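Let me begin by presenting the structure, written as structure tokens, before commenting on it.
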2 protein chains.
Amino acid sequence: MQSEAATPRRGRGRRPAAEVRASVLRAAADLLLGEGIKAVTFDRVATAAGSSKMTLYKWWPSAGALAAEAFFAHSEQQLEFPDTGDIRADITTQLRAFVRLLTHDGTGTVIAGLIGNAQTDPELSAAFSRHYSAPRRALAVAAFEKARDRGQLRDDIDLGILVDQLWGACYNRLLVPDAPLTEEYAVALVANVLDGAAPR
Amino acid sequence: MQSEAATPRRGRGRRPAAEVRASVLRAAADLLLGEGIKAVTFDRVATAAGSSKMTLYKWWPSAGALAAEAFFAHSEQQLEFPDTGDIRADITTQLRAFVRLLTHDGTGTVIAGLIGNAQTDPELSAAFSRHYSAPRRALAVAAFEKARDRGQLRDDIDLGILVDQLWGACYNRLLVPDAPLTEEYAVALVANVLDGAAPR
């Protein structure tokens with residue numbers, strides 16, 4: 001059984017853990033984006049990263065958890081939420097970018113695959129939440145709180161629910177594709193959510 | 001081909017196709033609810049239903065598609081959308097029942113598993129849409145159109161998007177469980193969606 005200690009670096013010593021970790025995450029992301037989530041197994045990632053399978057078992061509770069961390073570590077998007085002082089404009093910018101991500105060749109399928117596999121892999125579910133959805137939810141809620149303080153959102157509204165109404169609605173069209181997901185959809189969704197469905 | 005005409009009497013000849021189909025769907029639903037979606041294989045369903053695997057291959061494009069049809073054929077809920085003439089009350093009734101379904105022992109996990117597996121099984125995705133999500137979407141939109149005609153929903157709103165804002169928001173809490181899904185959530189969601197997040 002191969003171990004990191006048995007892998008000399010330029011002939012001497014072992015590779016630093018951070019370096020091994022980075023190359024494992026890169027290898028996992030490549031497999032995920034190239035062949036889909038089913039390709040991300042400890043076996044294949046270890047081989048591609050030139051690492052030992054024992055190390056992977058030690059660091060990640062499941063191959064799915066590794067896939068989720070790899071995707072978000074190597075994906076381009078920032079967690080940043082724009083803050084121009086106009087919540088309607090900022091949500092629209094954010095949601096359009098999100099829809100582009102979800103409908104982009106590869107990334108949309110990967111995100112759908114991660115959420116899909118998370119339903120039967122609790123470790124992947126936890127990793128998806130930790131590395132992606134929970135921090136995104138927190139950033140959105142923080143932006144909503146500032147907007148509420150500026151008088152742009154109602155005082156009596158549940159800001160957490162707003163996250164589901166916006167990003168959750170987009171996920172719904174990704175995961176249960178009965179109707180199209182487009183940037184125009186994102187724009188109309190923001191109007192629906194902010195202005196309300198009942199007559200004013 | 002099995003037919004009524006080919007079944008002379010109980011205990012002799014072949015079972016009618018409709019009877020075989022019903023017993024296959026029942027066996028698949030039992031496996032799905034008892035052990036989860038991974039238990040629904042053509043092998044196990046054929047054995048449990050006392051049917052031939054060839055018949056299952058002939059009738060269903062994938063075990064996932066069979067699982068989806070089985071779940072909705074044998075689940076108790078109706079597709080019915082209440083129509084009391086008050087859209088706010090009707091949506092609230094519908095969403096509370098939906099949240100109860102999603103948070104019920106067994107059914108929530110099964111629905112999450114069906115949507116999850118649908119991400120990598122196109123036949124399951126198609127069956128989920130055909131037997132469940134597309135007809136539900138159509139019924140909701142029809143109810144919204146009647147409400148709009150009564151002046152209870154704005155004329156300029158996209159009624160299809162409203163479906164994602166309501167049921168999609170609940171699915172989001174089921175599939176990406178960063179925040180709780182409760183009947184109180186359903187009630188607050190309806191207020192958010194109808195009244196809008198922006199100050200009136």
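Simple scheme: letters A, B, ... for chains in structure tokens order, numbers from 1 for residues in each chain, numbers from 1 for ligands in the order shown.
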DSSP helix (DSSP H, G or I) residues within range 9-156 of chain B, listed as a PyMOL selection string: chain B and resi 17-35+37-39+42-49+53-59+63-74+87-103+107-118+122-149
Choose the residue, out of B:Glu183, B:Arg88, B:Glu123, B:Ser23, that has the smallest atom-to-atom separation from Ala48 in chain B; count only C-alpha atoms. B:Ser23
Write down, as an MDAnalysis selection string, each residue of chain B that has any atom within 7 Å of an atom of chain A, counting only C-alpha atoms. chainID B and resid 112:113 115:117 119:120 129 134 152:154 157 161 164:165 168:169 172 175 178 189 192:199
Store the residues picked out above in a file with C-alpha atoms, as a PDB file, in the first residue's frame.
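Produced file again.pdb, reproduced below:
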ATOM      1  CA  ALA B 112     -35.989  13.253  -2.743  1.00  0.00           C
ATOM      2  CA  GLY B 113     -34.560   9.946  -3.981  1.00  0.00           C
ATOM      3  CA  ILE B 115     -35.593  13.617  -7.990  1.00  0.00           C
ATOM      4  CA  GLY B 116     -32.018  12.768  -6.984  1.00  0.00           C
ATOM      5  CA  ASN B 117     -31.762   9.716  -9.213  1.00  0.00           C
ATOM      6  CA  GLN B 119     -30.415  13.717 -12.369  1.00  0.00           C
ATOM      7  CA  THR B 120     -28.505  10.774 -13.799  1.00  0.00           C
ATOM      8  CA  SER B 129     -42.435  14.649 -15.117  1.00  0.00           C
ATOM      9  CA  ALA B 134     -46.000  18.243 -15.197  1.00  0.00           C
ATOM     10  CA  GLN B 152     -56.902  37.852  -7.018  1.00  0.00           C
ATOM     11  CA  LEU B 153     -53.612  37.708  -8.922  1.00  0.00           C
ATOM     12  CA  ARG B 154     -51.927  40.459 -10.924  1.00  0.00           C
ATOM     13  CA  ILE B 157     -47.409  38.151 -13.522  1.00  0.00           C
ATOM     14  CA  ILE B 161     -42.906  31.158 -12.277  1.00  0.00           C
ATOM     15  CA  ASP B 164     -41.423  27.513  -8.826  1.00  0.00           C
ATOM     16  CA  GLN B 165     -41.711  30.185  -6.124  1.00  0.00           C
ATOM     17  CA  GLY B 168     -39.933  24.841  -5.887  1.00  0.00           C
ATOM     18  CA  ALA B 169     -39.127  26.701  -2.666  1.00  0.00           C
ATOM     19  CA  ASN B 172     -35.311  23.450  -2.141  1.00  0.00           C
ATOM     20  CA  LEU B 175     -33.192  18.712  -1.333  1.00  0.00           C
ATOM     21  CA  ASP B 178     -29.925  24.232   5.101  1.00  0.00           C
ATOM     22  CA  LEU B 189     -44.048  31.398   2.102  1.00  0.00           C
ATOM     23  CA  ASN B 192     -44.048  36.264   0.957  1.00  0.00           C
ATOM     24  CA  VAL B 193     -45.134  35.192  -2.528  1.00  0.00           C
ATOM     25  CA  LEU B 194     -48.500  36.929  -2.657  1.00  0.00           C
ATOM     26  CA  ASP B 195     -47.638  40.142  -0.836  1.00  0.00           C
ATOM     27  CA  GLY B 196     -44.136  40.579  -2.271  1.00  0.00           C
ATOM     28  CA  ALA B 197     -40.866  41.382  -0.574  1.00  0.00           C
ATOM     29  CA  ALA B 198     -40.750  45.050  -1.536  1.00  0.00           C
ATOM     30  CA  PRO B 199     -42.666  47.544   0.629  1.00  0.00           C
TER      31      PRO B 199
END
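Counting only C-alpha atoms, the residue from A:Pro16, A:Arg26, A:Asp121, A:Glu145 that sits nearest to Ala70 in chain A is A:Arg26.
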Length of the CA of Thr107 in chain B to CA of Pro180 in chain A vector [Å]: 27.2 Å
